[in-house]
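Chemist: The structure that follows is given in the form of C-alpha cells.
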Amino acid sequence: MGEIFAVLSGKGGTGKTSVCAGIATALAEEGKRVLCIDCDIGLRNLDISLGLADCSALSFLDVAEGGYPLEQAAVHPLFPQLQFLTAPMNREAEKIDARAFSALLQQAKQHFDYVLLDAPAGVDAGFRLVAAPAERFLLVTGSGPAAIRDAARVGELLELMGKQDVRLVVNRVDRDLLSTVQITIDDVMDSAGLPLWGIVLEDANVTLAASFGKPLLKYAKRCPAAKAYRKIAKRIQGFHEPITLR
Ligand SMILES: Nc1ncnc2c1ncn2[C@@H]1O[C@H](COP(=O)(O)OP(=O)(O)OP(=O)(O)O)[C@@H](O)[C@H]1O
Ligand SMILES: [Mg+2]
C-alpha cells in the first residue's frame with residue numbers, strides 16, 4: 001500500500017514544484033513506483049521540472065472524473081517507474097469533486113509506492129483539495145524568519161485538520177548563511193514543533209535544468225540540490241540520514 005505525500009507551503013514560489021519533482025525522480029531512481037500529480041490547477045508547471053513539458057499527459061481530472069484509466073498516466077521516458085498526471089486548466093479548484101479526487105488517490109495507493117501531490121500556493125480551495133486526502137506532508141519554506149513563520153502557520157492549519165506527519169524542507173539556503181539559518185531552524189522546530197526533513201542549498205542548476213527541459217537528477221547528477229533531494233527521498237523511505245548543512 002502506497003503513501004500519499006503533499007508538498008505544500010502556503011506561500012508562493014518557495015520551491016514546492018522543484019522539490020516535488022526532485023524527490024519523485026530520486027524515489028524512482030531507487031526503483032520505487034511513483035505517481036506525481038500536479039495539483040496547481042490553472043498554473044501547472046510540474047511537467048517542466050520533471051522534464052516532461054513536451055509530452056502529452058492526462059490530467060488528474062481526466063482520470064478522477066473523465067473515465068480514463070490510471071494506467072494511462074504519462075510514463076516518464078527516463079524514469080520508467082515514474083508516472084505523471086498534470087493539472088486541469090479549465091476547472092476551478094472549488095468545482096473539483098473532492099471525493100472523486102480522493103477516490104483516485106486511494107486507487108493510486110494500490111499501484112504506487114508513493115503518490116506525490118504538488119500543491120498550489122495559498123491556503124484556499126486548492127490547498128484543501130490536496131491537504132484533505134494526504135497522509136504525510138512536506139512543507140517547503142525559505143530560510144528567512146518571515147518564510148519560516150508562514151510555514152509554521154501552515155503547520156498549525158494542518159494540525160487543525162488533524163494532520164500529524166508534517167515535516168519541513170528549507171529551500172534555497174545560502175551556503176554563506178548556514179550558521180545563521182541553523183539558529184532559525186532550531187527556533188521553528190521549537191516553536192512550531194515541525195521536524196526538519198531537509199535543507200536544499202541555493203543552486204542555479206534547479207532553474208537551468210528546467211530551462212533545458214531536463215529533470216535535475218539527469219541534468220546535474222551530483223549538484224547540491226540533487227544530493228539534498230536524494231537525502232529527503234531516503235528519509236521518506238525510512239532510512240536514517242543525518243541532517244547535514246553541507
Ligand atoms: N534550491 C534552489 N536553488 C535555486 N533556485 C531554486 C531552488 N528551488 C527552486 N528554485 C527556483 O525558484 C523558482 C520557484 O520554484 P518553484 O516553481 O519550484 O516554486 P513553487 O513553490 O512551486 O512556486 P508556486 O507557488 O508558484 O507553485 C523557480 O525559478 C525555481 O527554478
Ligand atoms: Mg509550484
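In the C-alpha cells, the first chain shown is A, the next is B, and so on; residue numbers restart at 1 for each chain, and ligands run from 1 in the order shown.
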Would you list the residues that come within 8 Å of ligand 2? Count only C-alpha atoms and all ligand atoms and give the answer as number ranges by chain.

Modeler: A: 12-13, 15-18, 40, 43-46, 118-121

Chemist: Write down as a short mmCIF file (atom, residue, chain, number, x, y, z; two decimals) with N, CA, C and O atoms, in the first residue's frame the residues of region 1-230 of chain A whose backbone DSSP state falls under helix (DSSP H, G or I).

Modeler:
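Output (part_27.cif):
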data_model
loop_
_atom_site.label_atom_id
_atom_site.label_comp_id
_atom_site.auth_asym_id
_atom_site.auth_seq_id
_atom_site.Cartn_x
_atom_site.Cartn_y
_atom_site.Cartn_z
N LYS A 16 8.14 24.41 -4.04
CA LYS A 16 7.34 23.18 -3.94
C LYS A 16 7.51 22.28 -5.15
O LYS A 16 7.77 21.08 -5.04
N THR A 17 7.31 22.90 -6.33
CA THR A 17 7.33 22.11 -7.56
C THR A 17 8.71 21.50 -7.80
O THR A 17 8.82 20.32 -8.16
N SER A 18 9.75 22.29 -7.57
CA SER A 18 11.12 21.77 -7.77
C SER A 18 11.40 20.63 -6.80
O SER A 18 11.98 19.60 -7.17
N VAL A 19 11.00 20.81 -5.53
CA VAL A 19 11.24 19.78 -4.52
C VAL A 19 10.43 18.53 -4.86
O VAL A 19 10.94 17.40 -4.80
N CYS A 20 9.18 18.73 -5.27
CA CYS A 20 8.32 17.58 -5.61
C CYS A 20 8.94 16.77 -6.75
O CYS A 20 9.06 15.54 -6.67
N ALA A 21 9.38 17.47 -7.80
CA ALA A 21 9.98 16.77 -8.95
C ALA A 21 11.28 16.09 -8.54
O ALA A 21 11.56 14.96 -8.94
N GLY A 22 12.07 16.78 -7.73
CA GLY A 22 13.36 16.23 -7.30
C GLY A 22 13.18 14.96 -6.48
O GLY A 22 13.87 13.95 -6.70
N ILE A 23 12.24 14.99 -5.56
CA ILE A 23 12.01 13.81 -4.70
C ILE A 23 11.41 12.67 -5.52
O ILE A 23 11.78 11.51 -5.35
N ALA A 24 10.47 13.03 -6.40
CA ALA A 24 9.83 11.99 -7.22
C ALA A 24 10.87 11.25 -8.06
O ALA A 24 10.87 10.01 -8.13
N THR A 25 11.77 12.00 -8.69
CA THR A 25 12.77 11.35 -9.54
C THR A 25 13.79 10.58 -8.69
O THR A 25 14.25 9.51 -9.08
N ALA A 26 14.09 11.10 -7.49
CA ALA A 26 15.03 10.39 -6.61
C ALA A 26 14.43 9.07 -6.15
O ALA A 26 15.12 8.05 -6.08
N LEU A 27 13.15 9.06 -5.84
CA LEU A 27 12.50 7.81 -5.43
C LEU A 27 12.44 6.82 -6.60
O LEU A 27 12.69 5.62 -6.44
N ALA A 28 12.12 7.34 -7.79
CA ALA A 28 12.03 6.48 -8.96
C ALA A 28 13.41 5.91 -9.31
O ALA A 28 13.53 4.74 -9.73
N GLU A 29 14.43 6.71 -9.11
CA GLU A 29 15.81 6.28 -9.36
C GLU A 29 16.16 5.06 -8.50
O GLU A 29 16.95 4.21 -8.87
N LEU A 46 4.64 21.47 -13.04
CA LEU A 46 5.42 20.31 -12.60
C LEU A 46 6.00 19.55 -13.80
O LEU A 46 7.09 18.99 -13.72
N ASP A 47 5.28 19.56 -14.92
CA ASP A 47 5.78 18.89 -16.12
C ASP A 47 7.15 19.45 -16.52
O ASP A 47 8.04 18.70 -16.94
N ILE A 48 7.34 20.75 -16.33
CA ILE A 48 8.62 21.37 -16.71
C ILE A 48 9.74 20.85 -15.81
O ILE A 48 10.79 20.42 -16.28
N SER A 49 9.49 20.87 -14.50
CA SER A 49 10.54 20.42 -13.57
C SER A 49 10.85 18.94 -13.72
O SER A 49 11.95 18.49 -13.41
N PHE A 60 -5.33 14.95 -13.82
CA PHE A 60 -5.94 14.11 -12.79
C PHE A 60 -7.45 14.09 -12.91
O PHE A 60 -8.10 13.13 -12.52
N LEU A 61 -8.03 15.15 -13.51
CA LEU A 61 -9.48 15.14 -13.72
C LEU A 61 -9.88 14.15 -14.79
O LEU A 61 -10.97 13.55 -14.72
N ASP A 62 -9.03 13.99 -15.81
CA ASP A 62 -9.32 13.00 -16.86
C ASP A 62 -9.53 11.63 -16.24
O ASP A 62 -10.37 10.84 -16.69
N VAL A 63 -8.74 11.35 -15.18
CA VAL A 63 -8.84 10.04 -14.54
C VAL A 63 -9.93 10.05 -13.46
O VAL A 63 -10.77 9.14 -13.40
N ALA A 64 -9.93 11.11 -12.62
CA ALA A 64 -10.87 11.14 -11.48
C ALA A 64 -12.32 11.23 -11.95
O ALA A 64 -13.20 10.62 -11.35
N LEU A 70 -6.21 4.89 -14.76
CA LEU A 70 -4.98 5.40 -14.14
C LEU A 70 -3.73 4.88 -14.86
O LEU A 70 -2.71 5.57 -14.93
N GLU A 71 -3.83 3.68 -15.41
CA GLU A 71 -2.65 3.11 -16.11
C GLU A 71 -2.20 3.99 -17.28
O GLU A 71 -1.07 3.88 -17.74
N GLN A 72 -3.11 4.85 -17.75
CA GLN A 72 -2.72 5.69 -18.89
C GLN A 72 -2.03 6.99 -18.46
O GLN A 72 -1.77 7.87 -19.29
N ALA A 93 -10.59 25.17 -8.67
CA ALA A 93 -10.38 24.20 -7.60
C ALA A 93 -11.67 23.96 -6.81
O ALA A 93 -11.97 22.82 -6.42
N GLU A 94 -12.45 25.01 -6.61
CA GLU A 94 -13.71 24.89 -5.83
C GLU A 94 -14.66 23.91 -6.49
O GLU A 94 -15.51 23.32 -5.83
N LYS A 95 -14.55 23.79 -7.82
CA LYS A 95 -15.54 22.99 -8.55
C LYS A 95 -15.07 21.56 -8.79
O LYS A 95 -15.74 20.79 -9.47
N ALA A 98 -14.07 16.71 -4.71
CA ALA A 98 -13.02 16.25 -3.78
C ALA A 98 -13.12 14.75 -3.54
O ALA A 98 -12.11 14.08 -3.34
N ARG A 99 -14.35 14.23 -3.58
CA ARG A 99 -14.49 12.78 -3.32
C ARG A 99 -13.93 11.96 -4.47
O ARG A 99 -13.29 10.92 -4.25
N ALA A 100 -14.16 12.44 -5.70
CA ALA A 100 -13.61 11.72 -6.87
C ALA A 100 -12.08 11.80 -6.85
O ALA A 100 -11.39 10.81 -7.17
N PHE A 101 -11.56 12.94 -6.44
CA PHE A 101 -10.10 13.10 -6.37
C PHE A 101 -9.53 12.15 -5.31
O PHE A 101 -8.53 11.46 -5.54
N SER A 102 -10.19 12.12 -4.18
CA SER A 102 -9.74 11.25 -3.10
C SER A 102 -9.82 9.77 -3.52
O SER A 102 -8.92 8.97 -3.20
N ALA A 103 -10.88 9.42 -4.26
CA ALA A 103 -11.01 8.03 -4.73
C ALA A 103 -9.87 7.68 -5.69
O ALA A 103 -9.34 6.56 -5.65
N LEU A 104 -9.49 8.65 -6.53
CA LEU A 104 -8.35 8.43 -7.44
C LEU A 104 -7.08 8.13 -6.63
O LEU A 104 -6.32 7.21 -6.95
N LEU A 105 -6.89 8.89 -5.55
CA LEU A 105 -5.68 8.70 -4.73
C LEU A 105 -5.70 7.34 -4.04
O LEU A 105 -4.67 6.67 -3.94
N GLN A 106 -6.86 6.95 -3.58
CA GLN A 106 -6.97 5.63 -2.93
C GLN A 106 -6.63 4.52 -3.92
O GLN A 106 -5.94 3.56 -3.59
N GLN A 107 -7.09 4.69 -5.14
CA GLN A 107 -6.77 3.71 -6.19
C GLN A 107 -5.26 3.73 -6.48
O GLN A 107 -4.63 2.67 -6.62
N ALA A 108 -4.70 4.94 -6.54
CA ALA A 108 -3.27 5.07 -6.84
C ALA A 108 -2.42 4.38 -5.78
O ALA A 108 -1.36 3.83 -6.08
N LYS A 109 -2.88 4.41 -4.54
CA LYS A 109 -2.12 3.77 -3.45
C LYS A 109 -1.95 2.27 -3.67
O LYS A 109 -1.02 1.66 -3.16
N GLN A 110 -2.86 1.69 -4.43
CA GLN A 110 -2.77 0.25 -4.70
C GLN A 110 -1.66 -0.07 -5.71
O GLN A 110 -1.16 -1.17 -5.75
N HIS A 111 -1.33 0.93 -6.55
CA HIS A 111 -0.42 0.67 -7.66
C HIS A 111 0.97 1.30 -7.50
O HIS A 111 1.89 0.94 -8.22
N ALA A 125 -9.03 26.83 -1.63
CA ALA A 125 -9.65 25.58 -2.12
C ALA A 125 -8.63 24.55 -2.63
O ALA A 125 -8.75 23.37 -2.33
N GLY A 126 -7.63 25.02 -3.40
CA GLY A 126 -6.64 24.09 -3.95
C GLY A 126 -5.84 23.43 -2.84
O GLY A 126 -5.52 22.23 -2.90
N PHE A 127 -5.51 24.21 -1.83
CA PHE A 127 -4.77 23.69 -0.67
C PHE A 127 -5.59 22.62 0.03
O PHE A 127 -5.09 21.54 0.36
N ARG A 128 -6.87 22.93 0.24
CA ARG A 128 -7.73 21.96 0.97
C ARG A 128 -7.92 20.68 0.17
O ARG A 128 -7.93 19.58 0.73
N LEU A 129 -8.05 20.84 -1.15
CA LEU A 129 -8.22 19.66 -2.01
C LEU A 129 -7.05 18.70 -1.84
O LEU A 129 -7.23 17.48 -1.78
N VAL A 130 -5.84 19.27 -1.74
CA VAL A 130 -4.64 18.46 -1.62
C VAL A 130 -4.45 17.96 -0.19
O VAL A 130 -4.12 16.79 0.05
N ALA A 131 -4.66 18.87 0.77
CA ALA A 131 -4.33 18.53 2.17
C ALA A 131 -5.28 17.47 2.73
O ALA A 131 -4.86 16.60 3.48
N PRO A 145 13.24 34.49 8.42
CA PRO A 145 12.30 34.34 9.53
C PRO A 145 10.84 34.49 9.11
O PRO A 145 9.96 33.77 9.62
N ALA A 146 10.54 35.38 8.14
CA ALA A 146 9.15 35.57 7.72
C ALA A 146 8.64 34.29 7.04
O ALA A 146 7.53 33.83 7.31
N ALA A 147 9.49 33.73 6.19
CA ALA A 147 9.10 32.50 5.47
C ALA A 147 8.86 31.37 6.46
O ALA A 147 7.88 30.62 6.36
N ILE A 148 9.71 31.29 7.45
CA ILE A 148 9.58 30.19 8.41
C ILE A 148 8.35 30.39 9.29
O ILE A 148 7.65 29.44 9.63
N ARG A 149 8.06 31.64 9.62
CA ARG A 149 6.84 31.89 10.40
C ARG A 149 5.60 31.49 9.58
O ARG A 149 4.66 30.91 10.10
N ASP A 150 5.62 31.81 8.27
CA ASP A 150 4.49 31.40 7.41
C ASP A 150 4.35 29.88 7.39
O ASP A 150 3.24 29.35 7.43
N ALA A 151 5.48 29.21 7.33
CA ALA A 151 5.44 27.74 7.30
C ALA A 151 4.85 27.22 8.60
O ALA A 151 4.03 26.28 8.60
N ALA A 152 5.24 27.84 9.70
CA ALA A 152 4.71 27.41 11.00
C ALA A 152 3.19 27.58 11.02
O ALA A 152 2.46 26.73 11.55
N ARG A 153 2.72 28.66 10.43
CA ARG A 153 1.27 28.92 10.37
C ARG A 153 0.56 27.82 9.57
O ARG A 153 -0.49 27.33 9.97
N VAL A 154 1.15 27.44 8.44
CA VAL A 154 0.56 26.36 7.64
C VAL A 154 0.59 25.06 8.43
O VAL A 154 -0.36 24.27 8.40
N GLY A 155 1.67 24.87 9.18
CA GLY A 155 1.75 23.69 10.05
C GLY A 155 0.59 23.66 11.03
O GLY A 155 -0.01 22.61 11.28
N GLU A 156 0.25 24.84 11.58
CA GLU A 156 -0.88 24.92 12.52
C GLU A 156 -2.20 24.58 11.83
O GLU A 156 -3.05 23.88 12.38
N LEU A 157 -2.34 25.10 10.59
CA LEU A 157 -3.57 24.80 9.83
C LEU A 157 -3.72 23.30 9.63
O LEU A 157 -4.81 22.74 9.78
N LEU A 158 -2.60 22.66 9.29
CA LEU A 158 -2.64 21.21 9.07
C LEU A 158 -2.97 20.47 10.36
O LEU A 158 -3.71 19.50 10.37
N GLU A 159 -2.44 20.99 11.45
CA GLU A 159 -2.72 20.37 12.75
C GLU A 159 -4.22 20.46 13.05
O GLU A 159 -4.83 19.50 13.53
N LEU A 160 -4.80 21.63 12.73
CA LEU A 160 -6.24 21.81 12.94
C LEU A 160 -7.05 20.82 12.10
O LEU A 160 -8.16 20.44 12.45
N ARG A 175 24.63 29.19 1.14
CA ARG A 175 25.74 28.48 1.79
C ARG A 175 26.45 29.35 2.83
O ARG A 175 26.84 28.88 3.88
N ASP A 176 26.58 30.64 2.53
CA ASP A 176 27.31 31.53 3.44
C ASP A 176 26.53 31.85 4.72
O ASP A 176 27.06 32.39 5.67
N LEU A 177 25.23 31.58 4.69
CA LEU A 177 24.41 31.92 5.86
C LEU A 177 24.04 30.70 6.68
O LEU A 177 23.16 30.75 7.52
N LEU A 178 24.72 29.60 6.41
CA LEU A 178 24.30 28.35 7.03
C LEU A 178 24.20 28.41 8.54
O LEU A 178 23.26 27.95 9.14
N SER A 179 25.21 29.03 9.17
CA SER A 179 25.20 29.01 10.64
C SER A 179 24.04 29.84 11.16
O SER A 179 23.37 29.46 12.12
N THR A 180 23.73 30.95 10.51
CA THR A 180 22.61 31.80 10.93
C THR A 180 21.31 31.05 10.76
O THR A 180 20.44 31.06 11.62
N VAL A 181 21.18 30.38 9.61
CA VAL A 181 19.96 29.65 9.32
C VAL A 181 19.74 28.54 10.34
O VAL A 181 18.62 28.28 10.76
N GLN A 182 20.81 27.93 10.76
CA GLN A 182 20.68 26.85 11.75
C GLN A 182 19.92 27.33 12.98
O GLN A 182 19.06 26.65 13.50
N ILE A 183 20.22 28.55 13.41
CA ILE A 183 19.53 29.09 14.59
C ILE A 183 18.04 29.22 14.29
O ILE A 183 17.19 28.81 15.07
N THR A 184 17.71 29.72 13.11
CA THR A 184 16.31 29.92 12.76
C THR A 184 15.57 28.58 12.68
O THR A 184 14.43 28.47 13.12
N ILE A 185 16.24 27.60 12.14
CA ILE A 185 15.62 26.28 12.03
C ILE A 185 15.35 25.69 13.41
O ILE A 185 14.28 25.17 13.69
N ASP A 186 16.32 25.83 14.30
CA ASP A 186 16.10 25.36 15.67
C ASP A 186 14.89 26.06 16.27
O ASP A 186 14.07 25.45 16.94
N ASP A 187 14.81 27.38 16.03
CA ASP A 187 13.68 28.15 16.57
C ASP A 187 12.35 27.58 16.11
O ASP A 187 11.43 27.39 16.88
N VAL A 188 12.26 27.35 14.78
CA VAL A 188 10.97 26.92 14.25
C VAL A 188 10.63 25.52 14.73
O VAL A 188 9.48 25.22 15.04
N MET A 189 11.64 24.68 14.86
CA MET A 189 11.36 23.33 15.35
C MET A 189 10.86 23.39 16.79
O MET A 189 9.98 22.63 17.18
N ASP A 190 11.39 24.34 17.57
CA ASP A 190 10.92 24.51 18.94
C ASP A 190 9.51 25.07 18.98
O ASP A 190 8.62 24.53 19.62
N SER A 191 9.31 26.17 18.25
CA SER A 191 8.06 26.90 18.41
C SER A 191 6.90 26.23 17.67
O SER A 191 5.78 26.20 18.17
N ALA A 192 7.15 25.71 16.50
CA ALA A 192 6.05 25.13 15.72
C ALA A 192 6.01 23.61 15.82
O ALA A 192 5.05 23.00 15.34
N ALA A 204 21.80 27.09 -8.75
CA ALA A 204 21.33 27.57 -10.06
C ALA A 204 20.95 26.43 -10.99
O ALA A 204 20.17 26.61 -11.93
N ASN A 205 21.47 25.23 -10.72
CA ASN A 205 21.13 24.09 -11.58
C ASN A 205 19.63 23.79 -11.60
O ASN A 205 19.12 23.23 -12.57
N VAL A 206 18.94 24.15 -10.52
CA VAL A 206 17.49 23.88 -10.46
C VAL A 206 16.78 24.63 -11.59
O VAL A 206 15.98 24.05 -12.34
N THR A 207 17.11 25.89 -11.72
CA THR A 207 16.47 26.69 -12.77
C THR A 207 17.02 26.33 -14.15
O THR A 207 16.29 26.25 -15.13
N LEU A 208 18.33 26.05 -14.21
CA LEU A 208 18.94 25.70 -15.50
C LEU A 208 18.35 24.40 -16.06
O LEU A 208 18.01 24.32 -17.24
N ALA A 209 18.20 23.40 -15.19
CA ALA A 209 17.66 22.12 -15.65
C ALA A 209 16.26 22.33 -16.23
O ALA A 209 15.94 21.82 -17.31
N ALA A 210 15.44 23.11 -15.52
CA ALA A 210 14.07 23.37 -16.02
C ALA A 210 14.13 24.11 -17.35
O ALA A 210 13.37 23.83 -18.28
N SER A 211 15.06 25.06 -17.46
CA SER A 211 15.18 25.83 -18.71
C SER A 211 15.57 24.93 -19.88
O SER A 211 15.15 25.15 -21.01
N LEU A 216 16.31 17.57 -12.98
CA LEU A 216 17.59 17.95 -12.36
C LEU A 216 18.51 16.75 -12.15
O LEU A 216 19.71 16.84 -12.36
N LEU A 217 17.94 15.62 -11.74
CA LEU A 217 18.79 14.47 -11.42
C LEU A 217 19.50 13.91 -12.65
O LEU A 217 20.46 13.14 -12.52
N LYS A 218 19.03 14.27 -13.84
CA LYS A 218 19.74 13.87 -15.07
C LYS A 218 20.62 15.01 -15.58
O LYS A 218 21.63 14.78 -16.23
N TYR A 219 20.21 16.23 -15.27
CA TYR A 219 20.95 17.39 -15.78
C TYR A 219 22.26 17.61 -15.03
O TYR A 219 23.30 17.89 -15.63
N PRO A 224 24.38 20.21 -5.56
CA PRO A 224 23.89 20.24 -4.17
C PRO A 224 22.39 19.96 -4.05
O PRO A 224 21.97 19.21 -3.16
N ALA A 225 21.58 20.53 -4.93
CA ALA A 225 20.13 20.31 -4.80
C ALA A 225 19.79 18.84 -5.07
O ALA A 225 18.96 18.25 -4.36
N ALA A 226 20.43 18.24 -6.07
CA ALA A 226 20.16 16.82 -6.38
C ALA A 226 20.51 15.96 -5.17
O ALA A 226 19.77 15.03 -4.81
N LYS A 227 21.64 16.27 -4.52
CA LYS A 227 22.03 15.50 -3.33
C LYS A 227 21.00 15.65 -2.23
O LYS A 227 20.65 14.68 -1.55
N ALA A 228 20.52 16.87 -2.06
CA ALA A 228 19.53 17.12 -1.00
C ALA A 228 18.23 16.37 -1.29
O ALA A 228 17.63 15.76 -0.39
N TYR A 229 17.79 16.37 -2.55
CA TYR A 229 16.55 15.65 -2.89
C TYR A 229 16.71 14.15 -2.62
O TYR A 229 15.79 13.50 -2.14
N ARG A 230 17.89 13.63 -2.96
CA ARG A 230 18.11 12.18 -2.72
C ARG A 230 18.07 11.86 -1.23
O ARG A 230 17.56 10.83 -0.83
#

Chemist: Show me, as an NGL selection string, the residues that have an atom within 7 Å of Cys36 (chain A) when counting only C-alpha atoms, minus same-chain residues fewer than 3 positions from it.

Modeler: :A and (24 or 83-85 or 115-117)

Chemist: What would the file look like if the residues just selected were written as a PDB file, in the first residue's frame with N, CA and C atoms?

Modeler:
ATOM      1  N   ALA A  24      10.474  13.027  -6.402  1.00  0.00           N
ATOM      2  CA  ALA A  24       9.826  11.989  -7.222  1.00  0.00           C
ATOM      3  C   ALA A  24      10.866  11.251  -8.062  1.00  0.00           C
ATOM      4  N   GLN A  83       5.289   7.866 -12.984  1.00  0.00           N
ATOM      5  CA  GLN A  83       4.166   8.281 -13.833  1.00  0.00           C
ATOM      6  C   GLN A  83       3.648   9.632 -13.369  1.00  0.00           C
ATOM      7  N   PHE A  84       2.927  10.277 -14.263  1.00  0.00           N
ATOM      8  CA  PHE A  84       2.602  11.686 -14.033  1.00  0.00           C
ATOM      9  C   PHE A  84       1.197  12.009 -14.522  1.00  0.00           C
ATOM     10  N   LEU A  85       0.473  12.761 -13.709  1.00  0.00           N
ATOM     11  CA  LEU A  85      -0.807  13.345 -14.129  1.00  0.00           C
ATOM     12  C   LEU A  85      -0.688  14.850 -13.975  1.00  0.00           C
ATOM     13  N   VAL A 115       2.686   8.444  -3.802  1.00  0.00           N
ATOM     14  CA  VAL A 115       1.897   9.375  -4.611  1.00  0.00           C
ATOM     15  C   VAL A 115       2.245  10.767  -4.105  1.00  0.00           C
ATOM     16  N   LEU A 116       2.838  11.578  -4.966  1.00  0.00           N
ATOM     17  CA  LEU A 116       3.283  12.912  -4.553  1.00  0.00           C
ATOM     18  C   LEU A 116       2.390  13.970  -5.171  1.00  0.00           C
ATOM     19  N   LEU A 117       1.862  14.848  -4.332  1.00  0.00           N
ATOM     20  CA  LEU A 117       0.960  15.898  -4.796  1.00  0.00           C
ATOM     21  C   LEU A 117       1.668  17.245  -4.710  1.00  0.00           C
TER      22      LEU A 117
END

Chemist: Give me, please, the distance in Å between CA of Gly213 (chain A) and CA of Ile236 (chain A), quoted to one decimal.

Modeler: 26.1 Å

Chemist: Go through A:Val123, A:Leu82, A:Leu201, A:Ile96 one by one, measure the shortest atom-to-atom distance of each to ligand 1 using only C-alpha atoms and all ligand atoms, and give the residue with the smallest value.

Modeler: A:Leu201

Chemist: Looking at A:Thr14, A:Asn90, A:Ser143, A:Ser9, which one is nearest to ligand 1, with distances taken over only C-alpha atoms and all ligand atoms?

Modeler: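 Using only C-alpha atoms and all ligand atoms, the shortest distance to ligand 1 belongs to A:Thr14.
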
Chemist: Name the residues of region 71-233 of chain A that fall into strand (DSSP E) according to DSSP on the backbone, using the chain letters and numbers of this document, as a ChimeraX atom specification.

Modeler: /A:74-75,82-85,114-118,136-141,165-173,196-201

Chemist: So, counting only C-alpha atoms, which residue among A:Arg235, A:Leu35, A:Cys223, A:Glu65 is closest to Arg167 (chain A)?

Modeler: A:Arg235

Chemist: With distances taken over only C-alpha atoms and all ligand atoms, which residue among A:Lys234, A:Lys11, A:His76, A:His240 lies nearest ligand 1?

Modeler: A:Lys11

Chemist: Would you mind telling me which residue in A:Lys231, A:Lys214, A:Lys32, A:Arg172 lies nearest to ligand 1 when using only C-alpha atoms and all ligand atoms?

Modeler: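 The answer is A:Arg172, which sits nearest to ligand 1.
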
Chemist: Which of these residues is nearest to ligand 1, using only C-alpha atoms and all ligand atoms: A:Asp124, A:Asp165, A:Asp54, A:Asp38?

Modeler: A:Asp38

Chemist: Separation of CA of Pro80 (chain A) and CA of Arg222 (chain A), in Å?

Modeler: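 Computed distance, CA of Pro80 (chain A) to CA of Arg222 (chain A), equals 20.8 Å.
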